[in-house]
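Source file: structure24.tsv; contents: TSV, C-alpha atoms.
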chain	number	residue	atom	x	y	z
Y	1	MET	CA	22.96	5.74	-5.09
Y	2	LEU	CA	21.60	6.66	-8.53
Y	3	ASP	CA	21.43	2.99	-9.55
Y	4	LYS	CA	19.48	2.17	-6.42
Y	5	ARG	CA	17.01	4.95	-7.19
Y	6	TYR	CA	16.39	3.55	-10.67
Y	7	LYS	CA	15.83	0.12	-9.18
Y	8	GLY	CA	13.42	1.65	-6.69
Y	9	VAL	CA	11.45	3.30	-9.51
Y	10	PHE	CA	11.22	0.03	-11.44
Y	11	TYR	CA	10.04	-1.93	-8.43
Y	12	ILE	CA	7.47	0.68	-7.43
Y	13	LEU	CA	5.94	0.74	-10.93
Y	14	LEU	CA	5.74	-3.04	-10.82
Y	15	SER	CA	4.08	-2.95	-7.42
Y	16	ALA	CA	1.56	-0.34	-8.64
Y	17	PHE	CA	0.37	-2.66	-11.41
Y	18	PHE	CA	0.02	-5.66	-9.12
Y	19	PHE	CA	-1.77	-3.64	-6.42
Y	20	ALA	CA	-4.25	-2.39	-9.04
Y	21	LEU	CA	-4.77	-5.96	-10.24
Y	22	MET	CA	-5.25	-7.08	-6.63
Y	23	ALA	CA	-7.95	-4.42	-6.07
Y	24	LEU	CA	-9.79	-5.55	-9.19
Y	25	LEU	CA	-9.73	-9.18	-8.04
Y	26	VAL	CA	-10.90	-8.19	-4.53
Y	27	ARG	CA	-13.95	-6.55	-6.13
Y	28	LEU	CA	-14.54	-9.56	-8.41
Y	29	ALA	CA	-14.49	-11.90	-5.39
Y	30	GLY	CA	-17.95	-10.63	-4.53
Y	31	ASP	CA	-19.80	-10.02	-1.28
Y	32	LEU	CA	-17.34	-11.50	1.23
Y	33	PRO	CA	-16.14	-9.86	4.48
Y	34	ALA	CA	-12.98	-7.75	4.15
Y	35	VAL	CA	-11.38	-9.85	6.92
Y	36	GLN	CA	-11.96	-13.05	4.95
Y	37	LYS	CA	-10.48	-11.56	1.79
Y	38	SER	CA	-7.52	-10.22	3.78
Y	39	PHE	CA	-6.81	-13.62	5.35
Y	40	PHE	CA	-6.58	-15.45	2.02
Y	41	ARG	CA	-4.57	-12.57	0.52
Y	42	ASN	CA	-1.93	-12.90	3.22
Y	43	LEU	CA	-2.06	-16.70	3.41
Y	44	VAL	CA	-0.89	-16.99	-0.19
Y	45	ALA	CA	1.73	-14.29	0.39
Y	46	LEU	CA	2.93	-16.18	3.47
Y	47	PHE	CA	3.64	-19.39	1.54
Y	48	PHE	CA	5.17	-17.38	-1.31
Y	49	ALA	CA	7.52	-15.57	1.07
Y	50	ALA	CA	8.39	-18.82	2.88
Y	51	ALA	CA	9.34	-20.43	-0.44
Y	52	VAL	CA	11.62	-17.49	-1.30
Y	53	LEU	CA	13.28	-17.66	2.12
Y	54	VAL	CA	13.89	-21.41	1.80
Y	55	LYS	CA	15.36	-20.98	-1.69
Y	56	LYS	CA	17.56	-17.93	-1.06
Y	57	ARG	CA	18.32	-18.47	2.65
Y	58	PRO	CA	19.23	-14.82	3.35
Y	59	ALA	CA	21.16	-14.03	6.48
Y	60	VAL	CA	18.77	-12.55	9.05
Y	61	LYS	CA	20.25	-10.61	11.96
Y	62	MET	CA	17.62	-8.95	14.09
Y	63	GLU	CA	18.32	-6.74	17.08
Y	64	LYS	CA	15.74	-6.14	19.79
Y	65	ALA	CA	14.68	-2.80	18.27
Y	66	ASP	CA	14.21	-4.44	14.86
Y	67	TRP	CA	11.52	-6.74	16.24
Y	68	TRP	CA	9.63	-3.72	17.55
Y	69	TYR	CA	9.86	-2.05	14.12
Y	70	MET	CA	8.68	-5.32	12.54
Y	71	PHE	CA	5.68	-5.41	14.87
Y	72	LEU	CA	4.74	-1.85	13.92
Y	73	ARG	CA	5.20	-2.62	10.23
Y	74	SER	CA	2.98	-5.70	10.52
Y	75	SER	CA	0.22	-4.20	12.66
Y	76	PHE	CA	-0.18	-1.01	10.66
Y	77	GLY	CA	0.19	-2.96	7.42
Y	78	THR	CA	-2.68	-5.23	8.47
Y	79	LEU	CA	-4.80	-2.18	9.32
Y	80	GLY	CA	-4.00	-0.73	5.90
Y	81	VAL	CA	-5.03	-3.91	4.06
Y	82	LEU	CA	-8.32	-4.28	5.94
Y	83	CYS	CA	-9.29	-0.65	5.37
Y	84	ASN	CA	-8.27	-0.75	1.71
Y	85	PHE	CA	-10.29	-3.90	1.02
Y	86	TYR	CA	-13.35	-2.35	2.63
Y	87	ALA	CA	-12.92	0.79	0.51
Y	88	VAL	CA	-12.44	-1.25	-2.69
Y	89	ASP	CA	-15.78	-2.99	-2.06
Y	90	HIS	CA	-17.68	0.29	-1.47
Y	91	LEU	CA	-16.03	2.90	-3.73
Y	92	LEU	CA	-14.91	3.30	-7.32
Y	93	LEU	CA	-11.64	1.43	-7.83
Y	94	ALA	CA	-9.84	4.64	-8.78
Y	95	ASP	CA	-11.17	6.49	-5.69
Y	96	ALA	CA	-10.16	3.64	-3.35
Y	97	SER	CA	-6.71	3.51	-4.93
Y	98	MET	CA	-6.21	7.27	-4.67
Y	99	LEU	CA	-7.12	7.31	-0.97
Y	100	ASN	CA	-4.74	4.43	-0.37
Y	101	LYS	CA	-2.06	6.30	-2.32
Y	102	MET	CA	-2.06	9.02	0.31
Y	103	SER	CA	0.38	6.66	2.03
Y	104	PRO	CA	3.50	8.40	0.59
Y	105	PHE	CA	2.42	11.72	2.10
Y	106	PHE	CA	1.78	10.04	5.43
Y	107	ALA	CA	5.20	8.39	5.03
Y	108	ILE	CA	6.85	11.80	4.55
Y	109	VAL	CA	5.28	13.16	7.74
Y	110	LEU	CA	5.95	9.99	9.72
Y	111	SER	CA	9.56	9.88	8.53
Y	112	ALA	CA	10.02	13.35	9.97
Y	113	LEU	CA	8.35	12.43	13.26
Y	114	LEU	CA	9.77	8.93	13.74
Y	115	LEU	CA	13.03	8.84	11.77
Y	116	LYS	CA	13.98	12.49	12.35
Y	117	GLU	CA	14.24	13.17	8.61
Y	118	LYS	CA	14.12	16.93	8.05
Y	119	LEU	CA	10.78	18.20	6.72
Y	120	THR	CA	11.03	21.49	4.78
Y	121	PRO	CA	8.30	24.14	4.38
Y	122	PHE	CA	7.88	23.02	0.76
Y	123	GLN	CA	7.17	19.46	1.85
Y	124	LEU	CA	4.70	20.68	4.47
Y	125	GLY	CA	2.92	22.65	1.75
Y	126	ALA	CA	2.87	19.56	-0.46
Y	127	VAL	CA	1.20	17.52	2.26
Y	128	ALA	CA	-1.40	20.27	2.81
Y	129	ALA	CA	-2.13	20.47	-0.93
Y	130	ALA	CA	-2.50	16.70	-1.13
Y	131	PHE	CA	-5.13	16.74	1.61
Y	132	CYS	CA	-7.02	19.45	-0.29
Y	133	GLY	CA	-7.09	17.03	-3.21
Y	134	VAL	CA	-8.38	14.30	-0.90
Y	135	LEU	CA	-11.32	16.51	0.08
Y	136	LEU	CA	-12.37	16.64	-3.58
Y	137	VAL	CA	-12.25	12.85	-3.79
Y	138	VAL	CA	-13.99	12.24	-0.45
Y	139	LYS	CA	-16.52	15.09	-0.83
Y	140	PRO	CA	-17.45	15.23	2.89
Y	141	THR	CA	-21.06	16.44	2.80
Y	142	GLY	CA	-24.07	15.28	4.78
Y	143	GLN	CA	-25.61	13.84	1.59
Y	144	ASN	CA	-22.50	11.89	0.60
Y	145	MET	CA	-23.33	8.21	1.11
Y	146	THR	CA	-19.72	7.19	0.43
Y	147	LEU	CA	-18.18	9.35	3.15
Y	148	PHE	CA	-17.69	6.52	5.65
Y	149	PRO	CA	-15.95	4.09	3.25
Y	150	ALA	CA	-13.88	7.04	1.95
Y	151	LEU	CA	-12.67	7.82	5.47
Y	152	ILE	CA	-11.92	4.13	5.99
Y	153	GLY	CA	-9.91	4.21	2.75
Y	154	LEU	CA	-7.98	7.24	4.00
Y	155	LEU	CA	-7.27	5.41	7.26
Y	156	GLY	CA	-5.92	2.58	5.14
Y	157	GLY	CA	-3.58	5.05	3.46
Y	158	PHE	CA	-2.31	6.13	6.86
Y	159	GLY	CA	-1.71	2.51	7.89
Y	160	ALA	CA	0.17	1.82	4.67
Y	161	GLY	CA	2.25	5.00	5.05
Y	162	PHE	CA	3.26	4.01	8.58
Y	163	ALA	CA	4.06	0.47	7.43
Y	164	TYR	CA	6.25	1.65	4.53
Y	165	THR	CA	8.13	3.98	6.87
Y	166	MET	CA	9.00	0.93	8.95
Y	167	VAL	CA	9.93	-1.02	5.79
Y	168	HIS	CA	12.44	1.66	4.85
Y	169	LEU	CA	13.83	1.70	8.38
Y	170	LEU	CA	14.18	-2.10	8.47
Y	171	GLY	CA	15.80	-2.07	5.01
Y	172	THR	CA	18.41	0.46	6.11
Y	173	ARG	CA	19.14	-1.75	9.14
Y	174	GLY	CA	19.91	-4.71	6.87
Y	175	VAL	CA	16.75	-6.80	7.34
Y	176	PRO	CA	16.08	-8.81	4.11
Y	177	GLY	CA	12.94	-7.90	2.17
Y	178	PRO	CA	11.55	-11.47	1.93
Y	179	PHE	CA	11.81	-11.81	5.71
Y	180	ILE	CA	9.86	-8.57	6.18
Y	181	VAL	CA	7.12	-9.87	3.86
Y	182	PHE	CA	7.06	-13.24	5.65
Y	183	CYS	CA	6.69	-11.67	9.11
Y	184	PHE	CA	3.98	-9.29	7.94
Y	185	SER	CA	2.00	-12.07	6.24
Y	186	LEU	CA	2.29	-14.38	9.24
Y	187	PHE	CA	1.22	-11.65	11.66
Y	188	SER	CA	-1.74	-10.69	9.49
Y	189	CYS	CA	-2.92	-14.30	9.17
Y	190	LEU	CA	-2.72	-14.79	12.95
Y	191	VAL	CA	-4.75	-11.60	13.53
Y	192	THR	CA	-7.39	-12.04	10.82
Y	193	GLY	CA	-7.75	-15.85	11.11
Y	194	PRO	CA	-9.88	-15.89	14.31
Y	195	MET	CA	-11.88	-12.88	13.07
Y	196	MET	CA	-12.59	-14.67	9.79
Y	197	LEU	CA	-13.76	-17.86	11.54
Y	198	ALA	CA	-16.15	-15.81	13.67
Y	199	GLU	CA	-17.99	-14.50	10.58
Y	200	PHE	CA	-17.01	-17.01	7.90
Y	201	VAL	CA	-19.05	-16.87	4.69
Y	202	PRO	CA	-19.09	-20.02	2.49
Y	203	MET	CA	-17.39	-19.51	-0.87
Y	204	THR	CA	-17.83	-20.94	-4.33
Y	205	SER	CA	-14.90	-22.55	-6.12
Y	206	ALA	CA	-14.72	-19.48	-8.37
Y	207	GLN	CA	-14.45	-17.15	-5.37
Y	208	LEU	CA	-11.76	-19.34	-3.84
Y	209	GLY	CA	-9.80	-19.24	-7.09
Y	210	ILE	CA	-10.12	-15.45	-7.30
Y	211	LEU	CA	-8.90	-15.07	-3.71
Y	212	PHE	CA	-5.90	-17.23	-4.57
Y	213	LEU	CA	-5.11	-14.81	-7.42
Y	214	VAL	CA	-5.63	-11.92	-4.98
Y	215	GLY	CA	-2.97	-13.42	-2.74
Y	216	LEU	CA	-0.63	-14.06	-5.66
Y	217	SER	CA	-0.98	-10.49	-6.93
Y	218	ALA	CA	-0.50	-9.17	-3.42
Y	219	ALA	CA	2.64	-11.27	-2.97
Y	220	PHE	CA	4.21	-9.89	-6.15
Y	221	ALA	CA	3.15	-6.36	-5.18
Y	222	GLN	CA	4.45	-6.75	-1.63
Y	223	PHE	CA	7.84	-8.04	-2.72
Y	224	SER	CA	8.09	-5.22	-5.26
Y	225	ILE	CA	7.13	-2.44	-2.82
Y	226	THR	CA	9.44	-3.84	-0.16
Y	227	ALA	CA	12.30	-3.92	-2.66
Y	228	ALA	CA	11.47	-0.37	-3.78
Y	229	TYR	CA	11.53	1.21	-0.32
Y	230	SER	CA	14.59	-0.83	0.63
Y	231	CYS	CA	16.43	0.64	-2.37
Y	232	ALA	CA	15.47	4.28	-1.86
Y	233	PRO	CA	13.59	6.48	0.64
Y	234	ALA	CA	9.95	7.41	0.07
Y	235	ARG	CA	10.72	11.06	-0.74
Y	236	GLU	CA	12.72	10.02	-3.84
Y	237	ILE	CA	10.51	7.40	-5.51
Y	238	SER	CA	6.99	7.66	-4.03
Y	239	VAL	CA	5.62	9.76	-6.92
Y	240	PHE	CA	5.79	6.74	-9.25
Y	241	ASP	CA	3.43	4.86	-6.94
Y	242	TYR	CA	0.62	7.01	-8.36
Y	243	SER	CA	0.70	5.04	-11.59
Y	244	GLN	CA	-1.63	2.67	-9.72
Y	245	ILE	CA	-4.41	5.25	-10.14
Y	246	LEU	CA	-4.13	4.97	-13.92
Y	247	PHE	CA	-4.10	1.17	-13.76
Y	248	SER	CA	-7.11	1.15	-11.40
Y	249	ALA	CA	-9.10	3.67	-13.45
Y	250	LEU	CA	-8.52	1.63	-16.60
Y	251	LEU	CA	-9.42	-1.69	-14.97
Y	252	GLY	CA	-12.46	-0.17	-13.27
Y	253	PHE	CA	-13.74	1.12	-16.61
Y	254	LEU	CA	-13.03	-2.10	-18.50
Y	255	PHE	CA	-14.64	-4.45	-15.97
Y	256	PHE	CA	-17.29	-2.31	-14.21
Y	257	ARG	CA	-17.74	0.71	-16.52
Y	258	GLN	CA	-16.78	2.95	-13.58
Y	259	VAL	CA	-16.13	6.60	-14.48
Y	260	PRO	CA	-15.01	9.00	-11.67
Y	261	ASP	CA	-16.82	12.36	-11.53
Y	262	GLY	CA	-15.24	15.73	-12.29
Y	263	LEU	CA	-14.39	16.56	-8.66
Y	264	SER	CA	-12.61	13.24	-8.23
Y	265	TRP	CA	-10.55	13.82	-11.37
Y	266	LEU	CA	-9.64	17.30	-10.11
Y	267	GLY	CA	-8.61	15.75	-6.77
Y	268	TYR	CA	-6.49	13.17	-8.60
Y	269	LEU	CA	-4.80	15.94	-10.59
Y	270	ILE	CA	-3.99	17.99	-7.48
Y	271	ILE	CA	-2.58	15.02	-5.55
Y	272	VAL	CA	-0.52	13.64	-8.43
Y	273	ALA	CA	0.77	17.10	-9.41
Y	274	THR	CA	1.72	17.76	-5.79
Y	275	ALA	CA	3.50	14.42	-5.59
Y	276	ALA	CA	5.37	15.15	-8.83
Y	277	ALA	CA	6.42	18.61	-7.60
Y	278	ASN	CA	7.60	17.15	-4.31
Y	279	PHE	CA	9.56	14.48	-6.17
Y	280	LEU	CA	11.34	17.03	-8.40
Y	281	TYR	CA	12.05	19.18	-5.35
Y	282	ASN	CA	13.72	16.28	-3.58
Y	283	LEU	CA	15.77	15.41	-6.66
Y	284	ARG	CA	17.14	18.97	-6.74
Y	285	ARG	CA	17.93	18.83	-3.04
Y	286	THR	CA	19.75	15.53	-3.51
Y	287	ALA	CA	21.71	16.92	-6.47

Turn this file's structure into C-alpha coordinates for me.
Amino acid sequence: MLDKRYKGVFYILLSAFFFALMALLVRLAGDLPAVQKSFFRNLVALFFAAAVLVKKRPAVKMEKADWWYMFLRSSFGTLGVLCNFYAVDHLLLADASMLNKMSPFFAIVLSALLLKEKLTPFQLGAVAAAFCGVLLVVKPTGQNMTLFPALIGLLGGFGAGFAYTMVHLLGTRGVPGPFIVFCFSLFSCLVTGPMMLAEFVPMTSAQLGILFLVGLSAAFAQFSITAAYSCAPAREISVFDYSQILFSALLGFLFFRQVPDGLSWLGYLIIVATAAANFLYNLRRTA
(Lines of atoms letter the chains of each structure in order from A and count residues from 1; the text may use other names and numbers.)
(Lines give C-alpha, C1' and ligand atoms only; values in the text may rest on other atoms or scores of the structure.)
Protein backbone atom coordinates (compact mmCIF):
# COMPACT_ATOMS: atom_id res chain seq x y z
CA MET A 1 0.00 0.00 0.00
CA LEU A 2 2.87 2.36 0.82
CA ASP A 3 4.50 1.73 -2.56
CA LYS A 4 1.25 2.53 -4.32
CA ARG A 5 0.99 5.80 -2.40
CA TYR A 6 4.48 6.84 -3.52
CA LYS A 7 3.56 6.01 -7.10
CA GLY A 8 0.40 8.07 -6.71
CA VAL A 9 2.42 11.06 -5.46
CA PHE A 10 4.84 10.81 -8.40
CA TYR A 11 2.06 10.61 -10.96
CA ILE A 12 0.11 13.48 -9.44
CA LEU A 13 3.16 15.78 -9.47
CA LEU A 14 3.72 14.86 -13.10
CA SER A 15 0.09 15.59 -13.94
CA ALA A 16 0.29 18.97 -12.15
CA PHE A 17 3.14 20.09 -14.40
CA PHE A 18 1.42 19.00 -17.59
CA PHE A 19 -1.90 20.57 -16.57
CA ALA A 20 -0.10 23.87 -15.89
CA LEU A 21 1.60 23.63 -19.28
CA MET A 22 -1.76 22.87 -20.89
CA ALA A 23 -3.33 25.98 -19.32
CA LEU A 24 -0.47 28.13 -20.61
CA LEU A 25 -0.91 26.77 -24.13
CA VAL A 26 -4.69 27.27 -23.98
CA ARG A 27 -4.06 30.96 -23.22
CA LEU A 28 -1.43 31.21 -25.98
CA ALA A 29 -3.90 29.76 -28.52
CA GLY A 30 -5.65 33.11 -28.53
CA ASP A 31 -9.26 34.20 -28.91
CA LEU A 32 -10.91 30.89 -29.80
CA PRO A 33 -14.11 29.44 -28.25
CA ALA A 34 -13.54 27.20 -25.22
CA VAL A 35 -15.51 24.44 -27.00
CA GLN A 36 -13.14 24.54 -29.97
CA LYS A 37 -10.08 24.37 -27.73
CA SER A 38 -11.65 21.52 -25.75
CA PHE A 39 -12.40 19.51 -28.91
CA PHE A 40 -8.82 19.59 -30.17
CA ARG A 41 -7.50 18.92 -26.65
CA ASN A 42 -9.51 15.72 -26.42
CA LEU A 43 -9.03 14.70 -30.06
CA VAL A 44 -5.27 14.43 -29.56
CA ALA A 45 -5.80 12.62 -26.24
CA LEU A 46 -8.19 10.22 -27.99
CA PHE A 47 -5.60 9.11 -30.57
CA PHE A 48 -2.92 8.97 -27.86
CA ALA A 49 -5.08 6.73 -25.67
CA ALA A 50 -6.05 4.55 -28.66
CA ALA A 51 -2.37 4.02 -29.50
CA VAL A 52 -1.63 2.96 -25.90
CA LEU A 53 -4.57 0.53 -25.92
CA VAL A 54 -3.44 -1.02 -29.22
CA LYS A 55 0.13 -1.40 -27.95
CA LYS A 56 -0.60 -2.73 -24.45
CA ARG A 57 -3.92 -4.49 -25.14
CA PRO A 58 -5.08 -4.47 -21.49
CA ALA A 59 -7.87 -6.80 -20.49
CA VAL A 60 -11.08 -4.79 -20.15
CA LYS A 61 -13.95 -6.33 -18.19
CA MET A 62 -16.83 -3.94 -17.71
CA GLU A 63 -19.97 -4.69 -15.74
CA LYS A 64 -23.20 -2.79 -16.31
CA ALA A 65 -22.56 -0.49 -13.34
CA ASP A 66 -19.08 0.32 -14.64
CA TRP A 67 -20.51 1.81 -17.82
CA TRP A 68 -22.70 4.10 -15.73
CA TYR A 69 -19.66 5.20 -13.70
CA MET A 70 -17.77 5.75 -16.96
CA PHE A 71 -20.60 7.94 -18.28
CA LEU A 72 -20.52 10.05 -15.11
CA ARG A 73 -16.74 10.32 -15.28
CA SER A 74 -16.89 11.43 -18.92
CA SER A 75 -19.78 13.88 -18.63
CA PHE A 76 -18.52 15.65 -15.53
CA GLY A 77 -14.96 15.55 -16.87
CA THR A 78 -16.13 17.30 -20.04
CA LEU A 79 -17.92 19.93 -17.95
CA GLY A 80 -14.74 20.44 -15.94
CA VAL A 81 -12.59 20.94 -19.05
CA LEU A 82 -14.98 23.43 -20.67
CA CYS A 83 -15.29 25.50 -17.50
CA ASN A 84 -11.55 25.42 -16.85
CA PHE A 85 -10.70 26.56 -20.38
CA TYR A 86 -13.15 29.44 -20.07
CA ALA A 87 -11.60 30.46 -16.74
CA VAL A 88 -8.05 30.23 -18.15
CA ASP A 89 -9.00 32.67 -20.92
CA HIS A 90 -10.54 35.22 -18.51
CA LEU A 91 -8.52 34.99 -15.27
CA LEU A 92 -4.92 34.94 -14.13
CA LEU A 93 -3.44 31.50 -14.79
CA ALA A 94 -2.76 30.99 -11.09
CA ASP A 95 -6.33 31.98 -10.12
CA ALA A 96 -7.86 29.67 -12.74
CA SER A 97 -5.63 26.82 -11.59
CA MET A 98 -6.48 27.36 -7.92
CA LEU A 99 -10.22 27.31 -8.59
CA ASN A 100 -9.80 24.13 -10.61
CA LYS A 101 -7.73 22.66 -7.78
CA MET A 102 -10.77 22.80 -5.51
CA SER A 103 -11.50 19.43 -7.15
CA PRO A 104 -9.82 17.39 -4.36
CA PHE A 105 -12.10 18.98 -1.75
CA PHE A 106 -15.12 18.27 -3.91
CA ALA A 107 -13.75 14.73 -4.33
CA ILE A 108 -13.59 14.29 -0.54
CA VAL A 109 -17.23 15.35 -0.12
CA LEU A 110 -18.42 13.34 -3.12
CA SER A 111 -16.53 10.25 -1.93
CA ALA A 112 -18.46 10.46 1.32
CA LEU A 113 -21.79 10.94 -0.46
CA LEU A 114 -21.33 8.51 -3.35
CA LEU A 115 -18.77 5.94 -2.17
CA LYS A 116 -19.81 5.97 1.50
CA GLU A 117 -16.29 6.84 2.65
CA LYS A 118 -16.46 8.15 6.22
CA LEU A 119 -16.07 11.93 6.50
CA THR A 120 -14.76 13.12 9.89
CA PRO A 121 -15.41 16.50 11.56
CA PHE A 122 -11.80 17.46 10.78
CA GLN A 123 -12.33 16.84 7.08
CA LEU A 124 -15.57 18.83 7.14
CA GLY A 125 -13.67 21.70 8.74
CA ALA A 126 -10.98 21.42 6.07
CA VAL A 127 -13.56 21.72 3.30
CA ALA A 128 -15.11 24.77 4.99
CA ALA A 129 -11.69 26.43 5.38
CA ALA A 130 -10.88 25.74 1.73
CA PHE A 131 -14.04 27.51 0.62
CA CYS A 132 -13.08 30.50 2.78
CA GLY A 133 -9.84 30.60 0.81
CA VAL A 134 -11.83 30.45 -2.42
CA LEU A 135 -13.76 33.57 -1.40
CA LEU A 136 -10.46 35.47 -1.20
CA VAL A 137 -9.54 34.33 -4.70
CA VAL A 138 -13.00 34.95 -6.21
CA LYS A 139 -13.66 38.21 -4.29
CA PRO A 140 -17.44 38.19 -4.88
CA THR A 141 -18.29 41.90 -4.88
CA GLY A 142 -20.58 43.87 -7.16
CA GLN A 143 -17.56 45.67 -8.65
CA ASN A 144 -15.63 42.48 -9.37
CA MET A 145 -15.61 42.08 -13.16
CA THR A 146 -14.05 38.61 -12.89
CA LEU A 147 -16.76 37.13 -10.67
CA PHE A 148 -18.55 35.26 -13.47
CA PRO A 149 -15.44 33.54 -14.92
CA ALA A 150 -14.32 32.78 -11.34
CA LEU A 151 -17.62 31.02 -10.62
CA ILE A 152 -17.29 29.15 -13.91
CA GLY A 153 -13.79 28.10 -12.83
CA LEU A 154 -15.16 26.87 -9.50
CA LEU A 155 -17.83 24.89 -11.36
CA GLY A 156 -15.00 23.35 -13.36
CA GLY A 157 -13.37 22.30 -10.10
CA PHE A 158 -16.59 20.59 -9.06
CA GLY A 159 -16.80 18.76 -12.39
CA ALA A 160 -13.19 17.61 -12.07
CA GLY A 161 -13.73 16.49 -8.46
CA PHE A 162 -16.75 14.41 -9.47
CA ALA A 163 -14.83 12.94 -12.41
CA TYR A 164 -11.82 11.96 -10.27
CA THR A 165 -14.13 10.31 -7.75
CA MET A 166 -15.40 8.12 -10.58
CA VAL A 167 -11.82 7.48 -11.76
CA HIS A 168 -10.91 6.15 -8.32
CA LEU A 169 -14.04 4.00 -8.25
CA LEU A 170 -13.35 2.57 -11.71
CA GLY A 171 -9.71 1.93 -10.78
CA THR A 172 -10.71 -0.04 -7.69
CA ARG A 173 -13.08 -2.08 -9.89
CA GLY A 174 -10.19 -3.08 -12.16
CA VAL A 175 -10.89 -0.87 -15.19
CA PRO A 176 -7.55 -0.02 -16.93
CA GLY A 177 -6.48 3.62 -16.86
CA PRO A 178 -5.86 3.95 -20.64
CA PHE A 179 -9.39 2.69 -21.30
CA ILE A 180 -10.82 5.30 -18.92
CA VAL A 181 -8.89 8.03 -20.75
CA PHE A 182 -10.01 6.70 -24.15
CA CYS A 183 -13.70 6.63 -23.19
CA PHE A 184 -13.55 10.11 -21.68
CA SER A 185 -11.79 11.57 -24.73
CA LEU A 186 -14.20 9.90 -27.15
CA PHE A 187 -17.24 11.08 -25.20
CA SER A 188 -15.91 14.63 -25.00
CA CYS A 189 -15.18 14.77 -28.74
CA LEU A 190 -18.69 13.52 -29.56
CA VAL A 191 -20.23 16.16 -27.28
CA THR A 192 -18.07 19.16 -28.22
CA GLY A 193 -17.72 18.33 -31.95
CA PRO A 194 -21.22 19.51 -33.04
CA MET A 195 -20.98 22.53 -30.70
CA MET A 196 -17.63 23.48 -32.24
CA LEU A 197 -18.96 23.23 -35.82
CA ALA A 198 -21.87 25.50 -34.89
CA GLU A 199 -19.50 28.33 -33.89
CA PHE A 200 -16.26 27.37 -35.64
CA VAL A 201 -13.60 30.09 -35.79
CA PRO A 202 -10.91 29.77 -38.52
CA MET A 203 -7.43 29.16 -37.11
CA THR A 204 -3.92 30.01 -38.21
CA SER A 205 -1.33 27.28 -38.59
CA ALA A 206 0.32 28.54 -35.39
CA GLN A 207 -2.95 28.21 -33.44
CA LEU A 208 -3.49 24.72 -34.82
CA GLY A 209 0.02 23.73 -33.73
CA ILE A 210 -0.54 25.16 -30.24
CA LEU A 211 -3.83 23.26 -29.91
CA PHE A 212 -2.00 20.07 -30.88
CA LEU A 213 0.44 20.73 -28.03
CA VAL A 214 -2.54 21.43 -25.75
CA GLY A 215 -3.89 18.00 -26.58
CA LEU A 216 -0.49 16.35 -26.09
CA SER A 217 0.01 18.01 -22.71
CA ALA A 218 -3.53 17.08 -21.70
CA ALA A 219 -2.95 13.47 -22.73
CA PHE A 220 0.18 13.18 -20.57
CA ALA A 221 -1.62 14.93 -17.70
CA GLN A 222 -4.71 12.74 -18.05
CA PHE A 223 -2.75 9.50 -18.06
CA SER A 224 -0.78 10.70 -15.04
CA ILE A 225 -3.82 11.78 -13.01
CA THR A 226 -5.67 8.58 -13.89
CA ALA A 227 -2.68 6.53 -12.77
CA ALA A 228 -2.42 8.59 -9.57
CA TYR A 229 -6.02 8.13 -8.46
CA SER A 230 -5.96 4.49 -9.50
CA CYS A 231 -2.97 3.93 -7.19
CA ALA A 232 -4.32 5.73 -4.13
CA PRO A 233 -7.51 7.49 -2.94
CA ALA A 234 -7.85 11.26 -3.16
CA ARG A 235 -7.59 11.79 0.60
CA GLU A 236 -4.02 10.40 0.62
CA ILE A 237 -2.37 12.11 -2.37
CA SER A 238 -4.54 15.08 -3.41
CA VAL A 239 -2.42 17.66 -1.54
CA PHE A 240 0.41 17.21 -4.06
CA ASP A 241 -1.93 18.30 -6.85
CA TYR A 242 -1.52 21.87 -5.56
CA SER A 243 1.97 22.02 -7.02
CA GLN A 244 0.14 23.05 -10.21
CA ILE A 245 -0.48 26.46 -8.62
CA LEU A 246 3.27 27.05 -8.36
CA PHE A 247 3.81 25.90 -11.95
CA SER A 248 0.95 28.11 -13.20
CA ALA A 249 2.06 31.17 -11.24
CA LEU A 250 5.60 30.82 -12.61
CA LEU A 251 4.46 30.31 -16.21
CA GLY A 252 1.93 33.15 -15.93
CA PHE A 253 4.65 35.52 -14.75
CA LEU A 254 7.21 34.41 -17.34
CA PHE A 255 4.89 34.61 -20.35
CA PHE A 256 2.27 37.24 -19.39
CA ARG A 257 3.85 39.08 -16.43
CA GLN A 258 0.80 38.11 -14.34
CA VAL A 259 1.12 38.77 -10.60
CA PRO A 260 -1.79 37.73 -8.31
CA ASP A 261 -2.91 40.33 -5.74
CA GLY A 262 -2.49 40.01 -1.98
CA LEU A 263 -5.96 38.57 -1.34
CA SER A 264 -5.41 35.86 -3.94
CA TRP A 265 -2.09 34.89 -2.38
CA LEU A 266 -3.76 34.73 1.04
CA GLY A 267 -6.48 32.52 -0.47
CA TYR A 268 -3.83 30.26 -2.01
CA LEU A 269 -2.09 29.98 1.36
CA ILE A 270 -5.30 29.04 3.19
CA ILE A 271 -6.33 26.43 0.63
CA VAL A 272 -2.89 24.83 0.32
CA ALA A 273 -2.33 24.85 4.10
CA THR A 274 -5.74 23.28 4.61
CA ALA A 275 -4.97 20.63 2.01
CA ALA A 276 -1.61 19.89 3.66
CA ALA A 277 -3.23 19.61 7.12
CA ASN A 278 -5.89 17.29 5.75
CA PHE A 279 -3.23 15.17 4.07
CA LEU A 280 -1.19 14.79 7.29
CA TYR A 281 -4.38 14.01 9.19
CA ASN A 282 -5.22 11.19 6.80
CA LEU A 283 -1.69 9.80 6.98
CA ARG A 284 -2.00 9.57 10.77
CA ARG A 285 -5.38 7.88 10.48
CA THR A 286 -3.96 5.38 8.01
CA ALA A 287 -0.98 4.68 10.28

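Closest approach to Leu169 in chain Y among Y:Cys83, Y:Val138, Y:Met196, Y:Cys231: Y:Cys231, based on all atoms listed in the file.
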
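For the set Y:Phe253, Y:Phe182, Y:Phe76, Y:Tyr281, the residue with the smallest atom-to-atom gap to Ala49 in chain Y is Y:Phe182, counting only C-alpha atoms.
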
>> Just to confirm, what's the straight-line distance from CA of Pro149 in chain Y to CA of Phe106 in chain Y in Å (one decimal)?
In response: 18.8 Å

Just the residues within 12 Å of Ser205 in chain Y, please, counting all atoms listed in the file, with nothing from its chain fewer than 6 positions along; format it as a PDB file with C-alpha atoms, in the frame of the given file.
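Final file, out35.pdb:
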ATOM      1  CA  ALA Y  29     -14.490 -11.900  -5.390  1.00  0.00           C
ATOM      2  CA  LEU Y 211      -8.900 -15.070  -3.710  1.00  0.00           C
ATOM      3  CA  PHE Y 212      -5.900 -17.230  -4.570  1.00  0.00           C
TER       4      PHE Y 212
END

>> I want to know what sits within 8 Å of Phe158 in chain Y, based on only C-alpha atoms, with residues of the same chain fewer than 4 positions away left out; could you give that as number ranges by chain?
In response: Y: 80, 100, 102-103, 106, 154, 162

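Between CA of Val272 in chain Y and CA of Thr120 in chain Y there is a distance of 19.2 Å.
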